[in-house]
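Engineer: One file: target-v9.txt (compact mmCIF, C-alpha atoms).
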```txt
# COMPACT_ATOMS: atom_id res chain seq x y z
CA ALA C 41 6.99 -9.97 13.41
CA GLN C 42 5.46 -10.27 9.98
CA SER C 43 7.40 -9.94 6.73
CA VAL C 44 6.94 -10.41 3.00
CA THR C 45 9.43 -11.40 0.32
CA GLN C 46 8.88 -10.97 -3.38
CA PRO C 47 11.88 -12.73 -4.90
CA ASP C 48 11.53 -11.28 -8.38
CA ILE C 49 12.26 -7.57 -8.73
CA HIS C 50 11.50 -7.48 -12.45
CA ILE C 51 9.65 -9.92 -14.73
CA THR C 52 9.18 -9.67 -18.47
CA VAL C 53 6.56 -11.67 -20.35
CA SER C 54 5.08 -11.60 -23.82
CA GLU C 55 1.50 -10.54 -24.30
CA GLY C 56 -0.76 -13.58 -24.14
CA ALA C 57 1.68 -15.59 -22.04
CA SER C 58 0.85 -16.83 -18.59
CA LEU C 59 2.14 -15.06 -15.50
CA GLU C 60 3.07 -16.06 -11.99
CA LEU C 61 4.40 -13.58 -9.42
CA ARG C 62 5.85 -15.05 -6.28
CA CYS C 63 5.19 -13.98 -2.72
CA ASN C 64 6.43 -15.56 0.47
CA TYR C 65 5.36 -14.38 3.87
CA SER C 66 6.45 -14.88 7.43
CA TYR C 67 3.88 -14.85 10.20
CA GLY C 68 3.21 -17.24 13.05
CA ALA C 69 -0.53 -17.64 12.65
CA THR C 70 -2.91 -17.51 9.70
CA PRO C 71 -2.27 -14.23 7.96
CA TYR C 72 -4.43 -11.90 5.97
CA LEU C 73 -2.87 -11.62 2.50
CA PHE C 74 -3.29 -9.06 -0.24
CA TRP C 75 -2.08 -8.30 -3.74
CA TYR C 76 -2.08 -4.70 -4.92
CA VAL C 77 -1.14 -3.23 -8.30
CA GLN C 78 0.36 0.19 -8.91
CA SER C 79 0.47 1.80 -12.34
CA PRO C 80 3.04 4.56 -12.92
CA GLY C 81 2.13 7.73 -11.05
CA GLN C 82 -0.85 6.09 -9.39
CA GLY C 83 -1.80 4.79 -5.99
CA LEU C 84 -2.31 1.15 -5.12
CA GLN C 85 -5.33 -0.75 -6.36
CA LEU C 86 -6.47 -3.92 -4.61
CA LEU C 87 -6.41 -6.96 -6.89
CA LEU C 88 -7.49 -9.61 -4.41
CA LYS C 89 -7.27 -10.69 -0.80
CA TYR C 90 -7.26 -13.84 1.29
CA PHE C 91 -8.78 -13.84 4.74
CA SER C 92 -9.92 -17.45 5.21
CA GLY C 93 -11.78 -20.28 3.47
CA ASP C 94 -11.03 -21.33 -0.09
CA THR C 95 -7.29 -21.11 -0.68
CA LEU C 96 -7.74 -20.14 -4.34
CA VAL C 97 -8.85 -16.53 -4.51
CA GLN C 98 -10.24 -14.78 -7.56
CA GLY C 99 -9.62 -11.11 -8.08
CA ILE C 100 -10.21 -8.35 -10.57
CA LYS C 101 -8.77 -8.17 -14.10
CA GLY C 102 -8.58 -11.95 -14.40
CA PHE C 103 -6.04 -12.45 -11.62
CA GLU C 104 -6.07 -15.23 -9.06
CA ALA C 105 -3.84 -16.22 -6.16
CA GLU C 106 -3.38 -19.40 -4.18
CA PHE C 107 -2.62 -19.51 -0.47
CA LYS C 108 -0.30 -22.39 0.41
CA ARG C 109 0.24 -22.59 4.14
CA SER C 110 2.87 -25.34 3.88
CA GLN C 111 5.01 -23.15 1.64
CA SER C 112 4.12 -19.82 3.27
CA SER C 113 3.30 -18.56 -0.18
CA PHE C 114 0.60 -16.52 -1.88
CA ASN C 115 1.54 -16.45 -5.56
CA LEU C 116 -0.38 -14.34 -8.05
CA ARG C 117 -1.31 -15.82 -11.43
CA LYS C 118 -2.94 -14.82 -14.67
CA PRO C 119 -3.43 -17.24 -17.59
CA SER C 120 -3.00 -14.65 -20.35
CA VAL C 121 -1.30 -11.31 -19.82
CA HIS C 122 -2.46 -8.14 -21.55
CA TRP C 123 -0.26 -5.15 -22.34
CA SER C 124 -2.28 -3.10 -19.85
CA ASP C 125 -1.12 -5.39 -17.03
CA ALA C 126 2.31 -3.76 -17.13
CA ALA C 127 2.71 -2.23 -13.66
CA GLU C 128 4.28 -2.89 -10.29
CA TYR C 129 2.72 -5.56 -8.10
CA PHE C 130 2.88 -5.64 -4.33
CA CYS C 131 2.12 -8.49 -1.99
CA ALA C 132 1.18 -7.55 1.57
CA VAL C 133 0.49 -9.36 4.81
CA ALA C 134 -1.46 -8.35 7.88
CA GLY C 135 -1.26 -10.45 10.97
CA ASP C 136 -1.39 -8.05 13.84
CA THR C 137 -4.91 -6.71 13.67
CA SER C 138 -4.60 -4.45 16.65
CA TYR C 139 -4.23 -1.49 14.35
CA GLY C 140 -4.44 -2.86 10.85
CA LYS C 141 -0.74 -2.88 10.07
CA LEU C 142 0.07 -3.95 6.53
CA THR C 143 3.59 -5.09 5.70
CA PHE C 144 4.49 -4.90 2.03
CA GLY C 145 7.01 -6.72 -0.11
CA GLN C 146 9.52 -4.87 -2.27
CA GLY C 147 7.31 -5.17 -5.32
CA THR C 148 7.69 -6.85 -8.70
CA ILE C 149 7.79 -4.76 -11.84
CA LEU C 150 6.02 -6.44 -14.73
CA THR C 151 6.97 -5.57 -18.30
CA VAL C 152 4.81 -6.90 -21.13
CA HIS C 153 6.26 -7.29 -24.62
CA PRO C 154 3.93 -7.13 -27.62
CA GLU R 252 -15.75 12.36 -5.60
CA THR R 253 -15.37 8.75 -4.68
CA GLY R 254 -12.69 6.72 -2.96
CA VAL R 255 -9.62 8.32 -1.46
CA THR R 256 -8.30 11.62 -2.80
CA GLN R 257 -5.01 13.35 -2.09
CA THR R 258 -3.84 16.90 -2.72
CA PRO R 259 -1.57 18.14 -4.02
CA ARG R 260 -0.48 15.43 -6.42
CA HIS R 261 2.98 16.94 -6.75
CA LEU R 262 4.92 19.16 -4.37
CA VAL R 263 8.36 20.70 -4.49
CA MET R 264 9.65 22.33 -1.33
CA GLY R 265 12.83 23.66 0.15
CA MET R 266 14.25 22.36 3.38
CA THR R 267 13.09 25.43 5.30
CA ASN R 268 9.53 25.40 3.99
CA LYS R 269 6.40 24.32 5.77
CA LYS R 270 3.76 22.52 3.75
CA SER R 271 0.84 20.17 4.31
CA LEU R 272 -0.48 17.14 2.48
CA LYS R 273 -4.20 16.50 2.51
CA CYS R 274 -6.12 13.25 2.26
CA GLU R 275 -9.88 12.82 2.12
CA GLN R 276 -11.84 9.60 2.04
CA HIS R 277 -15.40 9.32 0.79
CA LEU R 278 -15.95 5.71 1.85
CA GLY R 279 -17.36 6.18 5.34
CA HIS R 280 -14.30 4.53 6.87
CA ASN R 281 -13.10 4.91 10.44
CA ALA R 282 -9.35 4.35 10.04
CA MET R 283 -6.81 6.29 8.00
CA TYR R 284 -3.13 5.72 7.28
CA TRP R 285 -0.06 7.49 5.96
CA TYR R 286 2.56 5.47 4.05
CA LYS R 287 5.89 6.51 2.54
CA GLN R 288 7.05 4.94 -0.71
CA SER R 289 10.69 5.57 -1.54
CA ALA R 290 12.55 4.29 -4.55
CA LYS R 291 13.72 0.71 -4.14
CA LYS R 292 12.23 0.34 -0.67
CA PRO R 293 9.00 -1.31 0.47
CA LEU R 294 6.11 0.85 1.46
CA GLU R 295 6.60 2.04 5.01
CA LEU R 296 3.71 2.61 7.36
CA MET R 297 4.08 6.00 9.05
CA PHE R 298 0.93 6.73 11.02
CA VAL R 299 -2.42 5.11 11.76
CA TYR R 300 -5.54 6.86 13.00
CA SER R 301 -8.69 5.19 14.26
CA LEU R 302 -11.72 7.37 14.92
CA GLU R 303 -9.48 10.45 14.83
CA GLU R 304 -7.13 9.03 17.46
CA ARG R 305 -3.54 8.20 16.57
CA VAL R 306 -2.91 4.54 17.32
CA GLU R 307 0.47 4.09 15.68
CA ASN R 308 3.53 6.20 15.08
CA ASN R 309 6.03 3.99 13.33
CA SER R 310 9.19 5.75 14.56
CA VAL R 311 8.64 8.69 12.25
CA PRO R 312 10.80 11.82 12.74
CA SER R 313 9.08 14.78 14.33
CA ARG R 314 9.47 16.86 11.17
CA PHE R 315 6.40 14.90 10.02
CA SER R 316 3.30 15.84 12.00
CA PRO R 317 -0.05 14.16 11.27
CA GLU R 318 -3.46 15.57 12.02
CA CYS R 319 -6.85 13.89 11.81
CA PRO R 320 -9.63 16.42 12.52
CA ASN R 321 -12.39 13.96 11.65
CA SER R 322 -12.74 10.47 10.23
CA SER R 323 -12.86 11.74 6.64
CA HIS R 324 -9.77 13.93 6.62
CA LEU R 325 -6.12 13.32 7.30
CA PHE R 326 -3.25 15.77 7.01
CA LEU R 327 0.50 15.42 7.07
CA HIS R 328 2.26 18.62 8.07
CA LEU R 329 5.84 18.93 6.86
CA HIS R 330 8.57 21.19 8.16
CA THR R 331 12.34 21.36 7.82
CA LEU R 332 12.44 18.26 5.66
CA GLN R 333 15.57 16.67 4.26
CA PRO R 334 16.27 15.64 0.66
CA GLU R 335 15.99 11.97 1.70
CA ASP R 336 12.34 12.65 2.57
CA SER R 337 11.60 12.93 -1.13
CA ALA R 338 9.16 10.14 -1.89
CA LEU R 339 5.59 9.27 -2.81
CA TYR R 340 3.32 9.71 0.21
CA LEU R 341 0.26 7.52 0.11
CA CYS R 342 -2.87 7.83 2.17
CA ALA R 343 -5.18 4.90 2.79
CA SER R 344 -8.40 4.24 4.65
CA SER R 345 -10.23 1.20 5.93
CA GLN R 346 -13.42 0.41 7.74
CA GLY R 347 -11.47 -0.08 10.93
CA PHE R 348 -9.90 -2.89 12.89
CA SER R 349 -12.23 -3.85 15.69
CA GLY R 350 -12.92 -7.41 16.69
CA GLY R 351 -9.61 -8.72 15.40
CA VAL R 352 -10.70 -8.49 11.79
CA GLN R 353 -8.34 -7.04 9.20
CA GLU R 354 -10.26 -4.72 6.93
CA THR R 355 -9.07 -3.94 3.42
CA GLN R 356 -7.17 -0.70 2.98
CA TYR R 357 -8.00 1.52 0.03
CA PHE R 358 -5.31 3.84 -1.25
CA GLY R 359 -5.27 7.30 -2.72
CA PRO R 360 -3.14 8.26 -5.75
CA GLY R 361 -0.38 9.73 -3.59
CA THR R 362 1.53 12.99 -3.38
CA ARG R 363 4.91 13.02 -5.11
CA LEU R 364 7.17 15.11 -2.87
CA LEU R 365 10.54 16.51 -3.86
CA VAL R 366 12.66 18.22 -1.21
CA LEU R 367 15.41 20.45 -2.55
```
Kindly present the structure from the file in structure tokens form.

Structural biologist:
Amino acid sequence: AQSVTQPDIHITVSEGASLELRCNYSYGATPYLFWYVQSPGQGLQLLLKYFSGDTLVQGIKGFEAEFKRSQSSFNLRKPSVHWSDAAEYFCAVAGDTSYGKLTFGQGTILTVHP
Amino acid sequence: ETGVTQTPRHLVMGMTNKKSLKCEQHLGHNAMYWYKQSAKKPLELMFVYSLEERVENNSVPSRFSPECPNSSHLFLHLHTLQPEDSALYLCASSQGFSGGVQETQYFGPGTRLLVL
């Protein structure tokens, strides 16, 4: 079975500071990994995804994530946070491709202080 | 319209009501999904359709009844719901999942449901 853990429920950073959101997954083979962002009252928007190849993945809005197989991690990073990045971030894993099942983490709420 | 749309955006219903949620995708995708997002819980996959055929029912109570008349439309029919069914219901679509390849899922804005 596949699972995802996001250890941080809530993170607060100052605008302009760097950001790292943690994600650990459990899956026996090479997983497909995703980061989504959800603004209040909105659906989920895809930030980036890892399927194979280069373990450092670039996404939209200046985000990047690094797949580390040895640590079963897929942490999301941004060098300088903007106030508009305040939202909830979800990491997701898909391993069983028989019907496209995505398993999501609990989410991390990001608050940005001016 | 582009992407994935959902209507209504907000819905309040009593436990004896019958209502339906609608999802439409304009991406030419072959697979559609219903997810439930409750407070303080991870998103839960409810149903998956591929080419209008249901391929997954993730132990969802029968008071939720999905319908997929074609690859662009997905409905969730609701009847005799409970207050604990109050949640954000998200629809998603993807190209499909043939050949062992995981395709990216694109989400709609959701329907915020309150059951009184």

Engineer: Taking all atoms listed in the file into account, which of C:Ser124, C:Ser92, C:Asn64, C:Gln85 comes nearest chain R?

Structural biologist: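 Of C:Ser124, C:Ser92, C:Asn64, C:Gln85, the one nearest chain R is C:Gln85, counting all atoms listed in the file.
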
Engineer: Residues of chain C near chain R: apply a cut-off of 9 Å, count all atoms listed in the file, and supply the list as an mmCIF file with C-alpha atoms, in the frame of the given file.

Structural biologist:
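Generated output (selection-v3.cif):
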```cif
data_model
loop_
_atom_site.group_PDB
_atom_site.id
_atom_site.type_symbol
_atom_site.label_atom_id
_atom_site.label_comp_id
_atom_site.auth_asym_id
_atom_site.auth_seq_id
_atom_site.Cartn_x
_atom_site.Cartn_y
_atom_site.Cartn_z
ATOM 1 C CA TYR C 72 -4.430 -11.900 5.970
ATOM 2 C CA PHE C 74 -3.290 -9.060 -0.240
ATOM 3 C CA GLY C 81 2.130 7.730 -11.050
ATOM 4 C CA GLN C 82 -0.850 6.090 -9.390
ATOM 5 C CA GLY C 83 -1.800 4.790 -5.990
ATOM 6 C CA LEU C 84 -2.310 1.150 -5.120
ATOM 7 C CA GLN C 85 -5.330 -0.750 -6.360
ATOM 8 C CA LEU C 86 -6.470 -3.920 -4.610
ATOM 9 C CA LYS C 89 -7.270 -10.690 -0.800
ATOM 10 C CA PHE C 91 -8.780 -13.840 4.740
ATOM 11 C CA PHE C 130 2.880 -5.640 -4.330
ATOM 12 C CA ALA C 134 -1.460 -8.350 7.880
ATOM 13 C CA GLY C 135 -1.260 -10.450 10.970
ATOM 14 C CA ASP C 136 -1.390 -8.050 13.840
ATOM 15 C CA THR C 137 -4.910 -6.710 13.670
ATOM 16 C CA SER C 138 -4.600 -4.450 16.650
ATOM 17 C CA TYR C 139 -4.230 -1.490 14.350
ATOM 18 C CA GLY C 140 -4.440 -2.860 10.850
ATOM 19 C CA LYS C 141 -0.740 -2.880 10.070
ATOM 20 C CA LEU C 142 0.070 -3.950 6.530
ATOM 21 C CA THR C 143 3.590 -5.090 5.700
ATOM 22 C CA PHE C 144 4.490 -4.900 2.030
ATOM 23 C CA GLY C 145 7.010 -6.720 -0.110
ATOM 24 C CA GLN C 146 9.520 -4.870 -2.270
ATOM 25 C CA GLY C 147 7.310 -5.170 -5.320
#
```

Engineer: Contacts of stretch 94-101 of chain C at 10 Å or less, counting all atoms listed in the file, minus same-chain residues fewer than 2 places along, as a PyMOL selection string?

Structural biologist: chain C and resi 75+85-92+103-109+114+116-118+121-122+125

Engineer: With all atoms listed in the file as the atoms that count, which of C:Ala41, C:Ser113, C:Leu73, C:Gly102 lies nearest to C:Leu59?

Structural biologist: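 Of C:Ala41, C:Ser113, C:Leu73, C:Gly102, the one nearest C:Leu59 is C:Gly102, counting all atoms listed in the file.
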
Engineer: If I take atom CA of R:Leu329 and atom CA of R:Thr258, how far is one from the other in Å, to one decimal?

Structural biologist: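 Result for atom CA of R:Leu329 versus atom CA of R:Thr258: 13.8 Å, one decimal.
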
Engineer: Do you know which residues are at most 9 Å from stretch 148-151 of chain C counting all atoms listed in the file, after dropping those on the same chain fewer than 2 positions away, and could you put them as a VMD selection string?

Structural biologist: chain C and resid 46 to 54 61 to 62 123 125 to 131 145 to 146 153

Engineer: To one decimal place in Å, what is the distance between atom CA of C:Glu60 and atom CA of R:Tyr286?

Structural biologist: 26.9 Å

Engineer: What gap, in Å, lies between atom CA of R:Leu262 and atom CA of R:Leu364?

Structural biologist: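 Separation of atom CA of R:Leu262 and atom CA of R:Leu364: 4.9 Å.
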
Engineer: Given only C-alpha atoms as the basis, pick out the residue of C:Gln111, C:Pro154, C:Ala132, C:Gln42 nearest to C:Gly68.

Structural biologist: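 Smallest distance to C:Gly68 is found for C:Gln42.
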
Engineer: Mind checking which residues fall within 6 Å of R:Ser322, counting only C-alpha atoms, ignoring those fewer than 3 positions away in the same chain, and posting them as a ChimeraX atom specification?

Structural biologist: /R:281,302-303

Engineer: Using C-alpha atoms, can you write the selected residues to a file as an mmCIF file, in the coordinates of the input?

Structural biologist:
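Wrote it out as result.cif, contents follow:
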```cif
data_model
loop_
_atom_site.group_PDB
_atom_site.id
_atom_site.type_symbol
_atom_site.label_atom_id
_atom_site.label_comp_id
_atom_site.auth_asym_id
_atom_site.auth_seq_id
_atom_site.Cartn_x
_atom_site.Cartn_y
_atom_site.Cartn_z
ATOM 1 C CA ASN R 281 -13.100 4.910 10.440
ATOM 2 C CA LEU R 302 -11.720 7.370 14.920
ATOM 3 C CA GLU R 303 -9.480 10.450 14.830
#
```

Engineer: Where atoms are absent from stretch 57-72 of chain C, fill them in so it carries N, CA and C atoms, then output it as a compact mmCIF listing (two decimals), keeping the file's coordinate frame.

Structural biologist:
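The resulting file, out23.txt, is shown below:
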```txt
# COMPACT_ATOMS: atom_id res chain seq x y z
N ALA C 57 1.04 -14.54 -22.84
CA ALA C 57 1.68 -15.59 -22.04
C ALA C 57 1.08 -15.61 -20.65
N SER C 58 1.32 -16.73 -19.96
CA SER C 58 0.85 -16.83 -18.59
C SER C 58 1.83 -16.13 -17.65
N LEU C 59 1.34 -15.82 -16.46
CA LEU C 59 2.14 -15.06 -15.50
C LEU C 59 2.00 -15.67 -14.11
N GLU C 60 3.11 -15.72 -13.41
CA GLU C 60 3.07 -16.06 -11.99
C GLU C 60 4.05 -15.16 -11.25
N LEU C 61 3.57 -14.43 -10.27
CA LEU C 61 4.40 -13.58 -9.42
C LEU C 61 4.46 -14.22 -8.04
N ARG C 62 5.66 -14.33 -7.54
CA ARG C 62 5.85 -15.05 -6.28
C ARG C 62 5.80 -14.14 -5.07
N CYS C 63 5.26 -14.69 -3.99
CA CYS C 63 5.19 -13.98 -2.72
C CYS C 63 5.33 -15.00 -1.60
N ASN C 64 6.27 -14.74 -0.72
CA ASN C 64 6.43 -15.56 0.47
C ASN C 64 6.29 -14.69 1.70
N TYR C 65 5.60 -15.18 2.69
CA TYR C 65 5.36 -14.38 3.87
C TYR C 65 5.89 -15.09 5.10
N SER C 66 6.05 -14.32 6.15
CA SER C 66 6.45 -14.88 7.43
C SER C 66 5.50 -14.32 8.49
N TYR C 67 4.78 -15.24 9.11
CA TYR C 67 3.88 -14.85 10.20
C TYR C 67 3.50 -16.11 10.94
N GLY C 68 3.39 -16.05 12.24
CA GLY C 68 3.21 -17.24 13.05
C GLY C 68 1.85 -17.89 12.94
N ALA C 69 0.84 -17.10 12.71
CA ALA C 69 -0.53 -17.64 12.65
C ALA C 69 -1.05 -17.49 11.22
N THR C 70 -2.32 -17.69 11.03
CA THR C 70 -2.91 -17.51 9.70
C THR C 70 -2.95 -16.04 9.38
N PRO C 71 -2.32 -15.66 8.29
CA PRO C 71 -2.27 -14.23 7.96
C PRO C 71 -3.44 -13.80 7.09
N TYR C 72 -3.59 -12.50 7.00
CA TYR C 72 -4.43 -11.90 5.97
C TYR C 72 -3.48 -11.49 4.85
```
